[in-house]
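Participant: One structure is given below, represented as structure tokens, and several questions about it will come after.
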Amino acid sequence: MKALITGASSGIGKDMALYLSELGYDLILVAKTKEKLEKVKEQIKTKAIIIVADLSKREEVEKLYYQTKKEKIDLLINNAGFGAFGTFDQIDLAKELEMIEVNIKALHILMKLFLRDMEKRDQGIILNVASSAAFYPGPLMATYYATKAYVYRLSLALQEELKKKKSKVQVSVLCPGPVDTNFNQEAGVRFRIKSLPSRLVARYAIDKTLKGKKVIIPGIIMKLGKFFSRFIPDFILAKVAYYFQKKKEGK
């Protein structure tokens, strides 16, 4: 069994890699920083290959696919992504466009290319890492929330397409709330809701994915939030989201 994980140098990606290694998976670990990947590799119990790639660049995303195409990936985990805090008019445009490239375009490309291979074999699993942000409007993190909504909705649509084809290929989507990772520092936020341990979320996500769960929401608070959000108008959700987002401000 073999898994490819993007964003594997830290946080959920790293913890997924360590857990999958315990389960006997060989791994292809992808991130921008070679030194961090090498440190993760040192902790891996199974065979591991590291690939340094900047997923904000389409040519490097496509190169990653062609480098690994013959590896017969059983499990693709699209985990790479980042966020930024601030009003839409103030956040640096270049940073937002890079976010769209990584959070949406890289995931889209890898998903499409590997999905085609998996469909030919009628076997394989894709796990997309979205966020509970996918369920709500996201004032003060508007672009990040929108990228995660894209990941969530795309995953749901492909689940239905595969079901209609009677395909054995599986697409799952992970939608965690706050997780104790480097995301907070990079995005410039601090959460008022207690963050779940990255290791716990990673193991929960892998276990649920391997059992065939399609939408994976760790933690009772996020499950309840998702349930009750369906009864609240979007404009109210936006007001509530702004209130809680403002409390995240870490500057």
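Following the order of the structure tokens, chains are lettered A, B, ..., residues in each are numbered from 1, and ligands are numbered from 1.
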Could you list, as a list of chain:residue names, every residue within 6 Å of region 139-141 of chain A, counting only C-alpha atoms and ignoring same-chain residues fewer than 3 positions away?

Facilitator: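 Selected residues are A:Phe85, A:Gly86, A:Thr87, A:Tyr144, A:Tyr242.
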
Participant: Show which residues sit within 9 Å of Phe114 (chain A), as a ChimeraX atom specification. Count only C-alpha atoms, and ignore same-chain residues fewer than 2 positions away.

Facilitator: /A:65,69,73,76,109-112,116-119,126

Participant: Please produce a file of the residues just selected, as a PDB file, in the first residue's frame, where the atoms kept are C-alpha atoms.

Facilitator:
```
ATOM      1  CA  TYR A  65       2.132  13.839 -10.796  1.00  0.00           C
ATOM      2  CA  LYS A  69       2.383   8.335 -11.811  1.00  0.00           C
ATOM      3  CA  ILE A  73      -0.894   5.469  -5.402  1.00  0.00           C
ATOM      4  CA  LEU A  76      -3.850  10.481  -2.202  1.00  0.00           C
ATOM      5  CA  ILE A 109      -4.996  19.173 -10.714  1.00  0.00           C
ATOM      6  CA  LEU A 110      -3.707  16.333  -8.539  1.00  0.00           C
ATOM      7  CA  MET A 111      -7.212  15.089  -7.879  1.00  0.00           C
ATOM      8  CA  LYS A 112      -8.152  15.021 -11.556  1.00  0.00           C
ATOM      9  CA  ARG A 116      -8.265   9.102 -13.791  1.00  0.00           C
ATOM     10  CA  ASP A 117      -5.600   6.522 -12.929  1.00  0.00           C
ATOM     11  CA  MET A 118      -7.615   5.201 -10.007  1.00  0.00           C
ATOM     12  CA  GLU A 119     -10.726   4.874 -12.150  1.00  0.00           C
ATOM     13  CA  ILE A 126      -8.592  10.425  -2.310  1.00  0.00           C
TER      14      ILE A 126
END
```

Participant: When DSSP works through the backbone of this structure, what residues of region 96-221 of chain A end up as strand (DSSP E), shown as a list in words?

Facilitator: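 DSSP on the backbone gives strand (DSSP E) at Ile125, Ile126, Leu127, Asn128, Val129, Gln170, Val171, Ser172, Val173, Leu174, Val179, Asp180, Leu196, Pro197, Val215 and Ile216 of chain A.
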
Participant: Excluding Ser21 (chain A) and its own-chain neighbours fewer than 3 positions away, which residues fall within 8 Å of it when counting only C-alpha atoms? Please give them as number ranges by chain.

Facilitator: A: 17-18, 24-27, 44-46

Participant: Could you work out how far CA of Val179 (chain A) lies from CA of Pro197 (chain A), giving the answer in Å with one decimal?

Facilitator: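 Atom-to-atom, CA of Pro197 (chain A) and CA of Val179 (chain A) are spaced 6.0 Å apart.
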
Participant: Which neighbours of Ser56 (chain A) fall inside 12 Å, counting only C-alpha atoms, when residues of the same chain fewer than 3 positions from it are skipped, and could you give them as an MDAnalysis selection string?

Facilitator: chainID A and resid 7 31:32 53 59:62 80:82 94:107 109

Participant: Hey, what's within 7 Å of Val171 (chain A) if we count only C-alpha atoms and toss same-chain stuff fewer than 4 positions away? As a list of chain:residue names, please?

Facilitator: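 Near neighbours after the sequence-gap exclusion: A:Ile125, A:Ile126, A:Leu127, A:Ser155, A:Gln159, A:Lys214.
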
Participant: Report, in Å to a single decimal, how far apart CA of Thr143 (chain A) and CA of Phe88 (chain A) are.

Facilitator: 7.6 Å

Participant: Distance CA of Leu29 (chain A)-CA of Leu4 (chain A), one decimal place?

Facilitator: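 These atoms are spaced 6.1 Å apart.
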
Participant: Mind the document's chain letters and residue numbers, and return as a ChimeraX atom specification the residues of region 22-157 of chain A that DSSP labels alpha helix (DSSP H).

Facilitator: /A:22,34-43,58-68,93-100,107-121,142-157

Participant: Name all residues at most 8 Å from Thr33 (chain A) (count only C-alpha atoms; drop same-chain ones fewer than 4 positions away) and give them as a list of chain:residue names.

Facilitator: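 Neighbouring residues, sequence-local ones excluded: A:Ser9, A:Leu37, A:Val52.
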
Participant: Pull C-alpha atoms from the residues just selected and write them as a compact mmCIF listing (two decimals), in the first residue's frame.

Facilitator:
```
# COMPACT_ATOMS: atom_id res chain seq x y z
CA SER A 9 6.29 18.44 6.63
CA LEU A 37 10.62 16.59 5.11
CA VAL A 52 10.28 19.03 -2.67
```

Participant: Would you mind listing what lies within 6 Å of Val169 (chain A) as an MDAnalysis selection string, with only C-alpha atoms counted and same-chain residues fewer than 3 positions away left out?

Facilitator: chainID A and resid 122:125

Participant: Emit the selected residues as a JSON list (two decimals), in the first residue's frame, including all heavy atoms.

Facilitator:
```
[["chain", "number", "residue", "atom", "x", "y", "z"],
["A", 122, "ASP", "N", -10.06, 0.95, -11.03],
["A", 122, "ASP", "CA", -11.27, 0.81, -10.20],
["A", 122, "ASP", "C", -10.89, 0.57, -8.75],
["A", 122, "ASP", "O", -11.48, -0.24, -8.05],
["A", 122, "ASP", "CB", -12.15, -0.32, -10.71],
["A", 122, "ASP", "CG", -13.60, -0.18, -10.21],
["A", 122, "ASP", "OD1", -14.00, 0.95, -9.87],
["A", 122, "ASP", "OD2", -14.31, -1.20, -10.15],
["A", 123, "GLN", "N", -9.91, 1.35, -8.30],
["A", 123, "GLN", "CA", -9.41, 1.19, -6.94],
["A", 123, "GLN", "C", -8.64, 2.45, -6.53],
["A", 123, "GLN", "O", -7.92, 3.03, -7.34],
["A", 123, "GLN", "CB", -8.48, -0.02, -6.86],
["A", 123, "GLN", "CG", -7.92, -0.30, -5.48],
["A", 123, "GLN", "CD", -6.97, -1.48, -5.49],
["A", 123, "GLN", "OE1", -6.42, -1.84, -6.53],
["A", 123, "GLN", "NE2", -6.78, -2.10, -4.35],
["A", 124, "GLY", "N", -8.81, 2.86, -5.29],
["A", 124, "GLY", "CA", -8.05, 4.00, -4.79],
["A", 124, "GLY", "C", -8.91, 4.92, -3.94],
["A", 124, "GLY", "O", -10.15, 4.90, -4.02],
["A", 125, "ILE", "N", -8.24, 5.71, -3.12],
["A", 125, "ILE", "CA", -8.91, 6.64, -2.22],
["A", 125, "ILE", "C", -8.25, 8.01, -2.33],
["A", 125, "ILE", "O", -7.02, 8.12, -2.36],
["A", 125, "ILE", "CB", -8.84, 6.17, -0.76],
["A", 125, "ILE", "CG1", -9.46, 4.78, -0.59],
["A", 125, "ILE", "CG2", -9.51, 7.17, 0.18],
["A", 125, "ILE", "CD1", -9.22, 4.16, 0.78]]
```

Participant: Considering only C-alpha atoms, can you say which of A:Lys120, A:Lys164, A:Lys208, A:Lys148 comes closest to Lys72 (chain A)?

Facilitator: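 Among the listed residues, the smallest separation from Lys72 (chain A) belongs to A:Lys120.
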
Participant: With distances taken over only C-alpha atoms, which residue among A:Glu42, A:Arg58, A:Leu154, A:Ser167 lies nearest Arg121 (chain A)?

Facilitator: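 For Arg121 (chain A), the nearest of the given residues is A:Ser167.
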
Participant: With only C-alpha atoms as the atoms that count, which of A:Leu75, A:Met16, A:Met1, A:Ile236 lies nearest to Gln170 (chain A)?

Facilitator: A:Leu75
